[in-house]
Amino acid sequence: GLHTPNRNGDVPLIDDDPTQPNEAYFAHVDAVVALAASLGLHIGMLPTWGDKWNVKWGVGPEIFTPENARVYGEFISRRYADAPIIWIVGGDRPIESESHRQIVRAMAEGLRAGDGRNHLITMHTWGQHSTAEYAHEETWLDFHTCQSGHARNSANWKFIEADYARTPTRPCMDAEPGYEDMADNIRNLDDGYLDDWDARKALYWGLFAGACGHTYGCNPVWQMWAPGRDQVIYARRPWYEAMHLPGSGQMQHARSLLLSRPYLTRIPDQSLIVTQPGEGTLHMQATRDSEGRYAMLYVPAGVIMGGTSVEVDLANLAGDTIAAWWYDPRTGVARSLGVMSKQPRLTFALPQGGPDWVLVLDDAACGFPAPGRA
């Protein structure tokens, strides 16, 4: 916020003026950015939270105009012109007026002017919406994001599917799915908390629908809650314990899986699924290589929900023989099902355990390694 100081007692601006940044505050930001760079990390950095230009449910105050937004954007991007950063304008808010649009556009243009077009820029919009609704025609936007939100089984694949098909073409991803250890729908304690299974469902639904990436979040961690600090959204454990929850460590297995096969030719393809078992937890999502060298199907709820098998349409797969695998998204371990003759359709028995699995089918002639292995 504007008035809550950092650990050194510094606030970001002098007199809440975006044209007067506090050097001491940004010196601390410098150190954080340098540390992230030393660890090989990119930072998704928001120049401001959205309530400083569209207060909505936030604290405010609204301090930005198109004029000072551009000045501030240029200042901060010039300062971090050579840093590993992806700029994220918006800040959990919609563009609801022409004034809002001018402010967001000016800040993005300032970011462009300050760093010589050296960084990607996207936008963070509010829950159950996509940036395509507000900024699809904006020339500064490099890729779309959606915020599918924090309700269990939120159908993020619908946002990705729609944005993937838009013209002009831009990459898209779910920038705010349900966070691990968040109460379902944020405050519904009666329905329990989102867990690593919920985090994986959002991950594979989004990626297999065509997303270029994904965001993992954890409720105690994002707000850095610890005893003695105020909570933003109810947290049931401190951040330093929540860091060890299983979901964060499982994200890497999706990356390893996708990069173990030709990546840039990967496309979504729901025609692989002969019968969709249902919506919500049951919804399956499929992706394949555009040349038919491999296919992947995410089965979010196997035998735990009464399933027994998955039938796959192989019309878009190449080759005469198929190498099949079950990939465990919890561990990154693949189980070989052997090599079989390609048929128009094949049925695969669901493994025990889970609850979720990824079925990987390869043109056996390609000789790909086990899924998840380079």
# chains A, B, ... in the order shown; residues from 1 in each chain; ligands from 1
>>> residues_around(residues="region 248-260 of chain A", least_positions_apart="3", cutoff="10 Å", atoms="only C-alpha atoms", output="PDB file with C-alpha atoms, in the first residue's frame")
ATOM      1  CA  GLU A 180      -3.708 -23.746  -2.648  1.00  0.00           C
ATOM      2  CA  ASP A 196      -2.888 -29.569  -4.432  1.00  0.00           C
ATOM      3  CA  TRP A 197      -5.444 -31.527  -6.483  1.00  0.00           C
ATOM      4  CA  ALA A 199      -4.109 -26.584  -8.118  1.00  0.00           C
ATOM      5  CA  ARG A 200      -3.243 -29.386 -10.553  1.00  0.00           C
ATOM      6  CA  LEU A 203      -2.812 -26.220 -14.238  1.00  0.00           C
ATOM      7  CA  TYR A 204      -3.543 -29.026 -16.712  1.00  0.00           C
ATOM      8  CA  LEU A 207      -2.179 -25.743 -20.376  1.00  0.00           C
ATOM      9  CA  PHE A 208      -3.938 -28.417 -22.406  1.00  0.00           C
ATOM     10  CA  GLY A 213       2.005 -20.931 -19.034  1.00  0.00           C
ATOM     11  CA  HIS A 214       0.328 -20.941 -15.647  1.00  0.00           C
ATOM     12  CA  THR A 215       0.387 -19.282 -12.244  1.00  0.00           C
ATOM     13  CA  TYR A 216       0.517 -21.165  -8.964  1.00  0.00           C
ATOM     14  CA  GLY A 217      -0.565 -19.327  -5.829  1.00  0.00           C
ATOM     15  CA  CYS A 218      -0.813 -20.165  -2.140  1.00  0.00           C
ATOM     16  CA  ALA A 242       2.603 -23.048   3.630  1.00  0.00           C
ATOM     17  CA  MET A 243       5.727 -22.925   1.457  1.00  0.00           C
ATOM     18  CA  HIS A 244       6.026 -26.683   1.995  1.00  0.00           C
ATOM     19  CA  LEU A 245       2.527 -27.572   0.801  1.00  0.00           C
ATOM     20  CA  TYR A 263       6.650 -28.016 -27.566  1.00  0.00           C
ATOM     21  CA  LEU A 264       6.073 -25.292 -30.134  1.00  0.00           C
ATOM     22  CA  ARG A 266       1.540 -28.367 -29.435  1.00  0.00           C
ATOM     23  CA  MET A 296      -1.842 -35.999 -23.940  1.00  0.00           C
ATOM     24  CA  TYR A 327       2.020 -39.963 -16.183  1.00  0.00           C
ATOM     25  CA  ASP A 328       1.630 -39.169 -12.490  1.00  0.00           C
ATOM     26  CA  PRO A 329       1.236 -35.373 -12.060  1.00  0.00           C
ATOM     27  CA  ARG A 330       2.066 -35.648  -8.355  1.00  0.00           C
ATOM     28  CA  THR A 331       5.478 -37.248  -8.827  1.00  0.00           C
ATOM     29  CA  GLY A 332       6.473 -36.821 -12.470  1.00  0.00           C
ATOM     30  CA  VAL A 333       6.861 -40.602 -12.841  1.00  0.00           C
ATOM     31  CA  ALA A 334       5.589 -42.330 -16.000  1.00  0.00           C
ATOM     32  CA  VAL A 358      -2.199 -37.801 -17.679  1.00  0.00           C
ATOM     33  CA  VAL A 360       0.417 -39.834 -22.993  1.00  0.00           C
ATOM     34  CA  PHE A 368      10.443 -40.287 -27.480  1.00  0.00           C
ATOM     35  CA  PRO A 369      11.797 -40.821 -23.956  1.00  0.00           C
ATOM     36  CA  ALA A 370       9.516 -41.502 -21.021  1.00  0.00           C
ATOM     37  CA  PRO A 371       7.188 -38.530 -20.420  1.00  0.00           C
ATOM     38  CA  GLY A 372       8.850 -35.958 -18.219  1.00  0.00           C
ATOM     39  CA  ARG A 373      12.365 -36.998 -19.224  1.00  0.00           C
ATOM     40  CA  ALA A 374      14.423 -34.929 -21.641  1.00  0.00           C
TER      41      ALA A 374
END
>>> atom_distance(atom1="CA of Arg93 (chain A)", atom2="CA of Asp10 (chain A)")
25.8 Å
>>> residues_around(residues="region 183-192 of chain A", least_positions_apart="6", cutoff="6 Å", atoms="only C-alpha atoms", output="list in words")
His150, Ala151 and Arg152 of chain A
>>> residues_around(residues="Ile63 (chain A)", least_positions_apart="3", cutoff="8 Å", atoms="only C-alpha atoms", output="MDAnalysis selection string")
chainID A and resid 16:18 52:53 60
>>> closest_residue(among="A:Ala106, A:Val55, A:Ile160, A:Ala349", to="Trp140 (chain A)", atoms="only C-alpha atoms")
A:Ala106
>>> atom_distance(atom1="CA of Ala34 (chain A)", atom2="CA of Ala211 (chain A)")
28.8 Å
>>> select_by_dssp(residues="region 2-176 of chain A", states="alpha helix (DSSP H)", output="PyMOL selection string")
chain A and resi 23-38+66-79+98-115+132-135+156-164
>>> residues_around(residues="Ser130 (chain A)", least_positions_apart="3", cutoff="12 Å", atoms="only C-alpha atoms", output="VMD selection string")
chain A and resid 90 92 to 95 122 to 127 133 to 136 143 to 149 156 to 164 172 to 176
>>> select_by_dssp(residues="region 105-169 of chain A", states="strand (DSSP E)", output="list of chain:residue names")
A:Ile121, A:Thr122, A:Met123, A:His129, A:Ser130, A:His144, A:Thr145, A:Cys146, A:Gln147
>>> residues_around(residues="Thr281 (chain A)", least_positions_apart="4", cutoff="7 Å", atoms="only C-alpha atoms", output="list in words")
Asn153, Pro300 and Ala301 of chain A
>>> write_last_selection(atoms="N, CA and C atoms", output="short mmCIF file (atom, residue, chain, number, x, y, z; two decimals), in the first residue's frame")
data_model
loop_
_atom_site.label_atom_id
_atom_site.label_comp_id
_atom_site.auth_asym_id
_atom_site.auth_seq_id
_atom_site.Cartn_x
_atom_site.Cartn_y
_atom_site.Cartn_z
N ASN A 153 -12.96 -26.01 -8.98
CA ASN A 153 -13.36 -26.46 -10.33
C ASN A 153 -13.80 -25.33 -11.24
N PRO A 300 -8.86 -35.75 -14.68
CA PRO A 300 -8.76 -35.18 -13.34
C PRO A 300 -9.30 -36.05 -12.23
N ALA A 301 -10.22 -36.95 -12.56
CA ALA A 301 -10.84 -37.78 -11.52
C ALA A 301 -11.08 -39.17 -12.08
#
>>> residues_around(residues="Arg288 (chain A)", least_positions_apart="5", cutoff="8 Å", atoms="only C-alpha atoms", output="ChimeraX atom specification")
/A:266-269,293-296
>>> write_last_selection(atoms="C-alpha atoms", output="PDB file, in the first residue's frame")
ATOM      1  CA  ARG A 266       1.540 -28.367 -29.435  1.00  0.00           C
ATOM      2  CA  ILE A 267      -2.141 -27.517 -29.990  1.00  0.00           C
ATOM      3  CA  PRO A 268      -5.377 -28.166 -28.067  1.00  0.00           C
ATOM      4  CA  ASP A 269      -7.599 -30.930 -29.451  1.00  0.00           C
ATOM      5  CA  ARG A 293       3.507 -37.286 -33.107  1.00  0.00           C
ATOM      6  CA  TYR A 294       2.015 -37.328 -29.603  1.00  0.00           C
ATOM      7  CA  ALA A 295      -1.142 -36.632 -27.620  1.00  0.00           C
ATOM      8  CA  MET A 296      -1.842 -35.999 -23.940  1.00  0.00           C
TER       9      MET A 296
END
>>> atom_distance(atom1="CA of Leu337 (chain A)", atom2="CA of Ala324 (chain A)")
5.2 Å
>>> decode(residues="region 335-350 of chain A", atoms="N, CA and C atoms", output="mmCIF file, in the first residue's frame")
data_model
loop_
_atom_site.group_PDB
_atom_site.id
_atom_site.type_symbol
_atom_site.label_atom_id
_atom_site.label_comp_id
_atom_site.auth_asym_id
_atom_site.auth_seq_id
_atom_site.Cartn_x
_atom_site.Cartn_y
_atom_site.Cartn_z
ATOM 1 N N ARG A 335 4.403 -44.444 -16.162
ATOM 2 C CA ARG A 335 4.252 -45.895 -16.205
ATOM 3 C C ARG A 335 4.006 -46.312 -17.653
ATOM 4 N N SER A 336 4.860 -47.154 -18.192
ATOM 5 C CA SER A 336 4.698 -47.597 -19.574
ATOM 6 C C SER A 336 3.572 -48.616 -19.681
ATOM 7 N N LEU A 337 2.740 -48.430 -20.711
ATOM 8 C CA LEU A 337 1.694 -49.402 -21.042
ATOM 9 C C LEU A 337 2.096 -50.246 -22.242
ATOM 10 N N GLY A 338 3.315 -50.041 -22.735
ATOM 11 C CA GLY A 338 3.806 -50.812 -23.858
ATOM 12 C C GLY A 338 3.488 -50.174 -25.198
ATOM 13 N N VAL A 339 3.758 -50.913 -26.255
ATOM 14 C CA VAL A 339 3.528 -50.466 -27.632
ATOM 15 C C VAL A 339 2.424 -51.327 -28.229
ATOM 16 N N MET A 340 1.508 -50.682 -28.938
ATOM 17 C CA MET A 340 0.349 -51.396 -29.496
ATOM 18 C C MET A 340 0.056 -50.892 -30.896
ATOM 19 N N SER A 341 -0.629 -51.691 -31.680
ATOM 20 C CA SER A 341 -1.021 -51.279 -33.023
ATOM 21 C C SER A 341 -2.023 -50.133 -32.935
ATOM 22 N N LYS A 342 -1.861 -49.177 -33.814
ATOM 23 C CA LYS A 342 -2.798 -48.058 -33.842
ATOM 24 C C LYS A 342 -4.136 -48.519 -34.416
ATOM 25 N N GLN A 343 -5.202 -48.163 -33.731
ATOM 26 C CA GLN A 343 -6.567 -48.434 -34.167
ATOM 27 C C GLN A 343 -7.305 -47.098 -34.270
ATOM 28 N N PRO A 344 -8.460 -47.051 -34.934
ATOM 29 C CA PRO A 344 -9.219 -45.791 -34.947
ATOM 30 C C PRO A 344 -9.508 -45.280 -33.541
ATOM 31 N N ARG A 345 -9.787 -46.214 -32.635
ATOM 32 C CA ARG A 345 -10.007 -45.863 -31.236
ATOM 33 C C ARG A 345 -9.343 -46.910 -30.341
ATOM 34 N N LEU A 346 -8.831 -46.438 -29.214
ATOM 35 C CA LEU A 346 -8.264 -47.343 -28.220
ATOM 36 C C LEU A 346 -8.818 -46.981 -26.846
ATOM 37 N N THR A 347 -8.980 -47.981 -26.002
ATOM 38 C CA THR A 347 -9.485 -47.774 -24.651
ATOM 39 C C THR A 347 -8.407 -48.159 -23.646
ATOM 40 N N PHE A 348 -8.227 -47.303 -22.633
ATOM 41 C CA PHE A 348 -7.177 -47.507 -21.642
ATOM 42 C C PHE A 348 -7.795 -47.561 -20.249
ATOM 43 N N ALA A 349 -7.477 -48.608 -19.512
ATOM 44 C CA ALA A 349 -7.976 -48.746 -18.146
ATOM 45 C C ALA A 349 -7.312 -47.708 -17.248
ATOM 46 N N LEU A 350 -8.107 -47.077 -16.408
ATOM 47 C CA LEU A 350 -7.577 -46.086 -15.481
ATOM 48 C C LEU A 350 -6.765 -46.761 -14.380
#
